[in-house]
file target-v4.pdb (PDB, C-alpha atoms)
ATOM      1  CA  MET I 812     -12.709 -20.813  10.897
ATOM      2  CA  PRO I 813      -8.951 -20.216  11.084
ATOM      3  CA  MET I 814      -6.743 -20.515   8.062
ATOM      4  CA  PRO I 815      -5.579 -24.067   7.233
ATOM      5  CA  TRP I 816      -1.826 -24.627   6.927
ATOM      6  CA  THR I 817      -2.205 -25.408   3.242
ATOM      7  CA  TYR I 818      -2.931 -21.713   2.630
ATOM      8  CA  MET I 819       0.387 -20.605   4.166
ATOM      9  CA  PRO I 820       2.120 -20.086   0.765
ATOM     10  CA  LEU I 821      -0.677 -17.704  -0.287
ATOM     11  CA  LEU I 822      -0.285 -15.802   2.967
ATOM     12  CA  VAL I 823       3.447 -15.451   2.314
ATOM     13  CA  VAL I 824       2.697 -14.112  -1.182
ATOM     14  CA  MET I 825       0.157 -11.635   0.225
ATOM     15  CA  LEU I 826       2.598 -10.465   2.897
ATOM     16  CA  ALA I 827       5.296 -10.028   0.244
ATOM     17  CA  LEU I 828       2.930  -7.991  -1.939
ATOM     18  CA  GLY I 829       2.005  -5.858   1.074
ATOM     19  CA  GLY I 830       5.696  -5.291   1.741
ATOM     20  CA  LEU I 831       6.253  -4.353  -1.894
ATOM     21  CA  ILE I 832       3.432  -1.806  -1.714
ATOM     22  CA  THR I 833       5.050  -0.353   1.419
ATOM     23  CA  LEU I 834       8.404  -0.139  -0.358
ATOM     24  CA  LEU I 835       6.840   1.585  -3.366
ATOM     25  CA  LEU I 836       5.123   4.148  -1.135
ATOM     26  CA  GLY I 837       8.403   4.756   0.706
ATOM     27  CA  TYR I 838      10.308   5.068  -2.563
ATOM     28  CA  MET I 839       7.841   7.616  -3.889
ATOM     29  CA  THR I 840       7.886   9.692  -0.707
ATOM     30  CA  GLY I 841      11.683   9.534  -0.665
ATOM     31  CA  MET I 842      11.833  11.002  -4.159
ATOM     32  CA  PHE I 843      10.298  14.196  -2.780
ATOM     33  CA  GLU I 844      13.626  14.823  -1.022
ATOM     34  CA  ILE I 845      15.107  16.021  -4.320
ATOM     35  CA  PHE I 846      12.578  18.851  -4.466
ATOM     36  CA  GLY I 847      13.388  20.019  -0.936
ATOM     37  CA  PRO I 848      14.360  18.674   2.467
ATOM     38  CA  TYR I 849      10.767  18.029   3.407
ATOM     39  CA  SER I 850      10.056  14.393   2.641
ATOM     40  CA  GLN I 851       9.819  13.408   6.314
ATOM     41  CA  PRO I 852       6.377  14.983   6.853
ATOM     42  CA  ILE I 853       5.090  13.276   3.706
ATOM     43  CA  ASP I 854       6.516   9.963   4.927
ATOM     44  CA  TRP I 855       4.972  10.519   8.356
ATOM     45  CA  ILE I 856       1.564  11.228   6.803
ATOM     46  CA  ALA I 857       1.809   8.125   4.602
ATOM     47  CA  HIS I 858       2.561   5.977   7.655
ATOM     48  CA  LYS I 859      -0.410   7.447   9.514
ATOM     49  CA  PHE I 860      -2.653   6.628   6.557
ATOM     50  CA  VAL I 861      -1.382   3.039   6.646
ATOM     51  CA  MET I 862      -2.154   2.856  10.359
ATOM     52  CA  ALA I 863      -5.577   4.475  10.096
ATOM     53  CA  PHE I 864      -6.844   3.033   6.819
ATOM     54  CA  GLY I 865      -4.755  -0.116   6.556
ATOM     55  CA  GLY I 866      -6.330  -1.831   9.516
ATOM     56  CA  LEU I 867      -3.572  -1.439  12.099
ATOM     57  CA  PHE I 868      -5.691   0.434  14.651
ATOM     58  CA  PHE I 869      -9.065  -1.037  13.724
ATOM     59  CA  PRO I 870      -9.945  -3.582  11.046
ATOM     60  CA  VAL I 871     -11.463  -2.005   7.972
ATOM     61  CA  SER I 872     -14.461  -4.298   8.460
ATOM     62  CA  LEU I 873     -15.385  -2.274  11.583
ATOM     63  CA  PHE I 874     -15.681   0.949   9.564
ATOM     64  CA  PRO I 875     -19.138   2.059   8.407
ATOM     65  CA  ALA I 876     -20.128   0.636   5.021
ATOM     66  CA  PHE I 877     -19.561   3.896   3.129
ATOM     67  CA  ALA I 878     -16.114   4.329   4.730
ATOM     68  CA  GLN I 879     -15.171   0.736   3.871
ATOM     69  CA  GLN I 880     -15.959   1.366   0.224
ATOM     70  CA  ILE I 881     -13.842   4.529   0.197
ATOM     71  CA  VAL I 882     -10.918   2.967   2.069
ATOM     72  CA  MET I 883     -10.871  -0.066  -0.219
ATOM     73  CA  LEU I 884     -10.188   2.302  -3.140
ATOM     74  CA  THR I 885      -6.788   3.112  -1.613
ATOM     75  CA  PRO I 886      -3.614   1.013  -1.407
ATOM     76  CA  PHE I 887      -3.542   1.084   2.405
ATOM     77  CA  PRO I 888      -5.730  -1.981   3.124
ATOM     78  CA  ALA I 889      -3.575  -4.005   0.730
ATOM     79  CA  ILE I 890      -0.642  -3.625   3.125
ATOM     80  CA  LEU I 891      -2.113  -4.927   6.387
ATOM     81  CA  PHE I 892      -5.835  -5.578   6.282
ATOM     82  CA  ILE I 893      -6.065  -7.894   3.284
ATOM     83  CA  PRO I 894      -3.309 -10.313   4.399
ATOM     84  CA  GLY I 895      -4.687 -10.284   7.947
ATOM     85  CA  ASN I 896      -8.230 -10.821   6.738
ATOM     86  CA  MET I 897      -7.097 -13.853   4.747
ATOM     87  CA  MET I 898      -6.360 -15.631   8.015
ATOM     88  CA  LEU I 899      -9.992 -15.187   9.050
ATOM     89  CA  ASP I 900     -11.822 -15.474   5.731
ATOM     90  CA  VAL I 901     -10.252 -18.289   3.718
ATOM     91  CA  SER I 902     -12.873 -18.461   0.987
ATOM     92  CA  ALA I 903     -11.520 -18.658  -2.540
ATOM     93  CA  GLY I 904     -13.391 -15.493  -3.524
ATOM     94  CA  ALA I 905     -11.924 -13.431  -0.683
ATOM     95  CA  ILE I 906      -8.403 -14.671  -1.420
ATOM     96  CA  PHE I 907      -8.770 -13.965  -5.155
ATOM     97  CA  ASP I 908     -10.194 -10.483  -4.491
ATOM     98  CA  GLY I 909      -7.386  -9.745  -2.040
ATOM     99  CA  LEU I 910      -4.654 -10.862  -4.423
ATOM    100  CA  LEU I 911      -6.249  -8.921  -7.267
ATOM    101  CA  HIS I 912      -6.455  -5.789  -5.089
ATOM    102  CA  GLN I 913      -2.803  -6.124  -4.105
ATOM    103  CA  LEU I 914      -1.601  -6.826  -7.639
ATOM    104  CA  PHE I 915      -3.521  -3.818  -8.928
ATOM    105  CA  TRP I 916      -1.811  -1.540  -6.424
ATOM    106  CA  VAL I 917       1.635  -3.028  -7.062
ATOM    107  CA  VAL I 918       1.259  -2.306 -10.785
ATOM    108  CA  ALA I 919      -0.351   1.124 -10.292
ATOM    109  CA  LEU I 920       2.168   2.323  -7.705
ATOM    110  CA  GLY I 921       5.015   0.831  -9.732
ATOM    111  CA  LEU I 922       3.961   2.796 -12.806
ATOM    112  CA  ILE I 923       3.544   5.982 -10.767
ATOM    113  CA  ALA I 924       6.975   5.471  -9.162
ATOM    114  CA  LEU I 925       8.527   4.856 -12.572
ATOM    115  CA  GLY I 926       6.988   8.058 -13.914
ATOM    116  CA  MET I 927       8.182   9.996 -10.870
ATOM    117  CA  GLU I 928      11.672   8.562 -11.257
ATOM    118  CA  ASN I 929      11.805   9.505 -14.942
ATOM    119  CA  ARG I 930      10.768  13.082 -14.116
ATOM    120  CA  LEU I 931      13.264  13.181 -11.286
ATOM    121  CA  VAL I 932      16.149  11.968 -13.443
ATOM    122  CA  HIS I 933      15.173  14.444 -16.163
ATOM    123  CA  ARG I 934      15.111  17.278 -13.623
ATOM    124  CA  VAL I 935      18.473  16.337 -12.114
ATOM    125  CA  MET I 936      20.099  16.024 -15.536
ATOM    126  CA  ARG I 937      18.625  19.341 -16.679
ATOM    127  CA  LEU I 938      19.145  21.425 -13.541
ATOM    128  CA  GLY I 939      21.909  19.530 -11.820
ATOM    129  CA  ASP I 940      20.090  19.485  -8.460
TER
END
call {"tool": "encode", "arguments": {"input": "target-v4.pdb", "output": "structure tokens"}}
result
Amino acid sequence: MPMPWTYMPLLVVMLALGGLITLLLGYMTGMFEIFGPYSQPIDWIAHKFVMAFGGLFFPVSLFPAFAQQIVMLTPFPAILFIPGNMMLDVSAGAIFDGLLHQLFWVVALGLIALGMENRLVHRVMRLGD
């Protein structure tokens, strides 16, 4: 059953959280530029992971069961698959699980990015890179 229009605000929130996760991943890969001019390959690899494990090529639900469990432990499905899946599975449990998954990754990646930024600022202030 397709998603009713009353769920549109939740979809907007899920898309915004997915965008925030993408921004955090991009911010973290961009910070590698300070350590050398080689952040583009890391960024390229991160985008390929989003495409492969985020559901852009194939939905995560088409993966074998063991692969689904592994992929769902990463932030990549929270970017594309979870908001897209909400349009197909509008049960309250699926929406709650999806939002919880996205919020977990926003907080986790935000804390990792903050730690990376603190180390980066400390390095630049100490070495002047």
call {"tool": "residues_around", "arguments": {"input": "target-v4.pdb", "residues": "region 914-925 of chain I", "least_positions_apart": "5", "cutoff": "12 Å", "atoms": "only C-alpha atoms", "output": "PDB file with C-alpha atoms, in the coordinates of the input"}}
result
ATOM      1  CA  VAL I 824       2.697 -14.112  -1.182  1.00  0.00           C
ATOM      2  CA  MET I 825       0.157 -11.635   0.225  1.00  0.00           C
ATOM      3  CA  LEU I 826       2.598 -10.465   2.897  1.00  0.00           C
ATOM      4  CA  ALA I 827       5.296 -10.028   0.244  1.00  0.00           C
ATOM      5  CA  LEU I 828       2.930  -7.991  -1.939  1.00  0.00           C
ATOM      6  CA  GLY I 829       2.005  -5.858   1.074  1.00  0.00           C
ATOM      7  CA  GLY I 830       5.696  -5.291   1.741  1.00  0.00           C
ATOM      8  CA  LEU I 831       6.253  -4.353  -1.894  1.00  0.00           C
ATOM      9  CA  ILE I 832       3.432  -1.806  -1.714  1.00  0.00           C
ATOM     10  CA  THR I 833       5.050  -0.353   1.419  1.00  0.00           C
ATOM     11  CA  LEU I 834       8.404  -0.139  -0.358  1.00  0.00           C
ATOM     12  CA  LEU I 835       6.840   1.585  -3.366  1.00  0.00           C
ATOM     13  CA  LEU I 836       5.123   4.148  -1.135  1.00  0.00           C
ATOM     14  CA  GLY I 837       8.403   4.756   0.706  1.00  0.00           C
ATOM     15  CA  TYR I 838      10.308   5.068  -2.563  1.00  0.00           C
ATOM     16  CA  MET I 839       7.841   7.616  -3.889  1.00  0.00           C
ATOM     17  CA  THR I 840       7.886   9.692  -0.707  1.00  0.00           C
ATOM     18  CA  GLY I 841      11.683   9.534  -0.665  1.00  0.00           C
ATOM     19  CA  MET I 842      11.833  11.002  -4.159  1.00  0.00           C
ATOM     20  CA  PHE I 843      10.298  14.196  -2.780  1.00  0.00           C
ATOM     21  CA  MET I 883     -10.871  -0.066  -0.219  1.00  0.00           C
ATOM     22  CA  LEU I 884     -10.188   2.302  -3.140  1.00  0.00           C
ATOM     23  CA  THR I 885      -6.788   3.112  -1.613  1.00  0.00           C
ATOM     24  CA  PRO I 886      -3.614   1.013  -1.407  1.00  0.00           C
ATOM     25  CA  PHE I 887      -3.542   1.084   2.405  1.00  0.00           C
ATOM     26  CA  PRO I 888      -5.730  -1.981   3.124  1.00  0.00           C
ATOM     27  CA  ALA I 889      -3.575  -4.005   0.730  1.00  0.00           C
ATOM     28  CA  ILE I 890      -0.642  -3.625   3.125  1.00  0.00           C
ATOM     29  CA  ILE I 893      -6.065  -7.894   3.284  1.00  0.00           C
ATOM     30  CA  PHE I 907      -8.770 -13.965  -5.155  1.00  0.00           C
ATOM     31  CA  ASP I 908     -10.194 -10.483  -4.491  1.00  0.00           C
ATOM     32  CA  GLY I 909      -7.386  -9.745  -2.040  1.00  0.00           C
ATOM     33  CA  ARG I 930      10.768  13.082 -14.116  1.00  0.00           C
ATOM     34  CA  LEU I 931      13.264  13.181 -11.286  1.00  0.00           C
ATOM     35  CA  VAL I 932      16.149  11.968 -13.443  1.00  0.00           C
TER      36      VAL I 932
END
call {"tool": "atom_distance", "arguments": {"input": "target-v4.pdb", "atom1": "CA of Ile906 (chain I)", "atom2": "CA of Leu822 (chain I)"}}
result
9.3 Å
call {"tool": "resolve_selection", "arguments": {"input": "target-v4.pdb", "expression": "the PyMOL selection byres ((chain I and resi 900) around 12)", "output": "list in words"}}
result
Met812, Pro813, Met814, Pro815, Tyr818, Leu822, Ser872, Phe892, Ile893, Pro894, Gly895, Asn896, Met897, Met898, Leu899, Val901, Ser902, Ala903, Gly904, Ala905, Ile906, Phe907, Asp908 and Gly909 of chain I
call {"tool": "axis_aligned_box", "arguments": {"input": "target-v4.pdb", "around": "region 897-901 of chain I", "padding_each_side": "5 Å", "output": "JSON"}}
result
{"center_x": -9.1, "center_y": -16.1, "center_z": 6.4, "size_x": 15.5, "size_y": 14.4, "size_z": 15.3}
call {"tool": "atom_distance", "arguments": {"input": "target-v4.pdb", "atom1": "CA of Phe864 (chain I)", "atom2": "CA of Met927 (chain I)"}}
result
24.2 Å
call {"tool": "resolve_selection", "arguments": {"input": "target-v4.pdb", "expression": "the PyMOL selection byres ((chain I and resi 846) around 10)", "output": "PDB file with C-alpha atoms, in the frame of the given file"}}
result
ATOM      1  CA  MET I 842      11.833  11.002  -4.159  1.00  0.00           C
ATOM      2  CA  PHE I 843      10.298  14.196  -2.780  1.00  0.00           C
ATOM      3  CA  GLU I 844      13.626  14.823  -1.022  1.00  0.00           C
ATOM      4  CA  ILE I 845      15.107  16.021  -4.320  1.00  0.00           C
ATOM      5  CA  GLY I 847      13.388  20.019  -0.936  1.00  0.00           C
ATOM      6  CA  PRO I 848      14.360  18.674   2.467  1.00  0.00           C
ATOM      7  CA  TYR I 849      10.767  18.029   3.407  1.00  0.00           C
ATOM      8  CA  SER I 850      10.056  14.393   2.641  1.00  0.00           C
ATOM      9  CA  LEU I 931      13.264  13.181 -11.286  1.00  0.00           C
ATOM     10  CA  ARG I 934      15.111  17.278 -13.623  1.00  0.00           C
ATOM     11  CA  VAL I 935      18.473  16.337 -12.114  1.00  0.00           C
ATOM     12  CA  ASP I 940      20.090  19.485  -8.460  1.00  0.00           C
TER      13      ASP I 940
END
call {"tool": "atom_distance", "arguments": {"input": "target-v4.pdb", "atom1": "CA of Trp855 (chain I)", "atom2": "CA of Phe868 (chain I)"}}
result
16.0 Å
call {"tool": "build_atoms", "arguments": {"input": "target-v4.pdb", "residues": "region 898-917 of chain I", "atoms": "N, CA, C and O atoms", "output": "mmCIF file, in the frame of the given file"}}
result
data_model
loop_
_atom_site.group_PDB
_atom_site.id
_atom_site.type_symbol
_atom_site.label_atom_id
_atom_site.label_comp_id
_atom_site.auth_asym_id
_atom_site.auth_seq_id
_atom_site.Cartn_x
_atom_site.Cartn_y
_atom_site.Cartn_z
ATOM 1 N N MET I 898 -6.452 -14.630 6.951
ATOM 2 C CA MET I 898 -6.360 -15.631 8.015
ATOM 3 C C MET I 898 -7.725 -15.923 8.624
ATOM 4 O O MET I 898 -7.921 -16.981 9.211
ATOM 5 N N LEU I 899 -8.661 -14.999 8.474
ATOM 6 C CA LEU I 899 -9.992 -15.187 9.050
ATOM 7 C C LEU I 899 -11.025 -15.618 8.022
ATOM 8 O O LEU I 899 -11.965 -16.329 8.346
ATOM 9 N N ASP I 900 -10.876 -15.147 6.797
ATOM 10 C CA ASP I 900 -11.822 -15.474 5.731
ATOM 11 C C ASP I 900 -11.056 -16.182 4.622
ATOM 12 O O ASP I 900 -10.457 -15.546 3.765
ATOM 13 N N VAL I 901 -11.070 -17.514 4.656
ATOM 14 C CA VAL I 901 -10.252 -18.289 3.718
ATOM 15 C C VAL I 901 -11.041 -18.761 2.495
ATOM 16 O O VAL I 901 -10.643 -19.705 1.841
ATOM 17 N N SER I 902 -12.119 -18.072 2.179
ATOM 18 C CA SER I 902 -12.873 -18.461 0.987
ATOM 19 C C SER I 902 -12.070 -18.100 -0.265
ATOM 20 O O SER I 902 -11.287 -17.151 -0.270
ATOM 21 N N ALA I 903 -12.258 -18.874 -1.302
ATOM 22 C CA ALA I 903 -11.520 -18.658 -2.540
ATOM 23 C C ALA I 903 -11.802 -17.277 -3.121
ATOM 24 O O ALA I 903 -10.902 -16.615 -3.644
ATOM 25 N N GLY I 904 -13.042 -16.809 -3.000
ATOM 26 C CA GLY I 904 -13.391 -15.493 -3.524
ATOM 27 C C GLY I 904 -12.674 -14.378 -2.794
ATOM 28 O O GLY I 904 -12.182 -13.433 -3.409
ATOM 29 N N ALA I 905 -12.601 -14.468 -1.472
ATOM 30 C CA ALA I 905 -11.924 -13.431 -0.683
ATOM 31 C C ALA I 905 -10.430 -13.418 -0.977
ATOM 32 O O ALA I 905 -9.812 -12.349 -1.081
ATOM 33 N N ILE I 906 -9.832 -14.593 -1.121
ATOM 34 C CA ILE I 906 -8.403 -14.671 -1.420
ATOM 35 C C ILE I 906 -8.126 -14.110 -2.809
ATOM 36 O O ILE I 906 -7.194 -13.322 -3.001
ATOM 37 N N PHE I 907 -8.945 -14.468 -3.793
ATOM 38 C CA PHE I 907 -8.770 -13.965 -5.155
ATOM 39 C C PHE I 907 -8.931 -12.448 -5.193
ATOM 40 O O PHE I 907 -8.129 -11.748 -5.812
ATOM 41 N N ASP I 908 -9.982 -11.936 -4.526
ATOM 42 C CA ASP I 908 -10.194 -10.483 -4.491
ATOM 43 C C ASP I 908 -9.023 -9.776 -3.816
ATOM 44 O O ASP I 908 -8.586 -8.710 -4.266
ATOM 45 N N GLY I 909 -8.516 -10.346 -2.744
ATOM 46 C CA GLY I 909 -7.386 -9.745 -2.040
ATOM 47 C C GLY I 909 -6.133 -9.710 -2.890
ATOM 48 O O GLY I 909 -5.441 -8.692 -2.959
ATOM 49 N N LEU I 910 -5.827 -10.826 -3.548
ATOM 50 C CA LEU I 910 -4.654 -10.862 -4.423
ATOM 51 C C LEU I 910 -4.801 -9.904 -5.598
ATOM 52 O O LEU I 910 -3.847 -9.219 -5.978
ATOM 53 N N LEU I 911 -5.997 -9.835 -6.162
ATOM 54 C CA LEU I 911 -6.249 -8.921 -7.267
ATOM 55 C C LEU I 911 -6.080 -7.464 -6.822
ATOM 56 O O LEU I 911 -5.466 -6.658 -7.534
ATOM 57 N N HIS I 912 -6.591 -7.141 -5.644
ATOM 58 C CA HIS I 912 -6.455 -5.789 -5.089
ATOM 59 C C HIS I 912 -4.972 -5.454 -4.902
ATOM 60 O O HIS I 912 -4.521 -4.371 -5.285
ATOM 61 N N GLN I 913 -4.223 -6.381 -4.331
ATOM 62 C CA GLN I 913 -2.803 -6.124 -4.105
ATOM 63 C C GLN I 913 -2.036 -6.005 -5.414
ATOM 64 O O GLN I 913 -1.196 -5.103 -5.555
ATOM 65 N N LEU I 914 -2.301 -6.891 -6.356
ATOM 66 C CA LEU I 914 -1.601 -6.826 -7.639
ATOM 67 C C LEU I 914 -1.914 -5.540 -8.388
ATOM 68 O O LEU I 914 -1.031 -4.945 -9.015
ATOM 69 N N PHE I 915 -3.170 -5.090 -8.299
ATOM 70 C CA PHE I 915 -3.521 -3.818 -8.928
ATOM 71 C C PHE I 915 -2.671 -2.687 -8.361
ATOM 72 O O PHE I 915 -2.123 -1.875 -9.111
ATOM 73 N N TRP I 916 -2.553 -2.637 -7.045
ATOM 74 C CA TRP I 916 -1.811 -1.540 -6.424
ATOM 75 C C TRP I 916 -0.314 -1.661 -6.644
ATOM 76 O O TRP I 916 0.387 -0.651 -6.742
ATOM 77 N N VAL I 917 0.208 -2.873 -6.739
ATOM 78 C CA VAL I 917 1.635 -3.028 -7.062
ATOM 79 C C VAL I 917 1.905 -2.462 -8.448
ATOM 80 O O VAL I 917 2.864 -1.702 -8.650
#
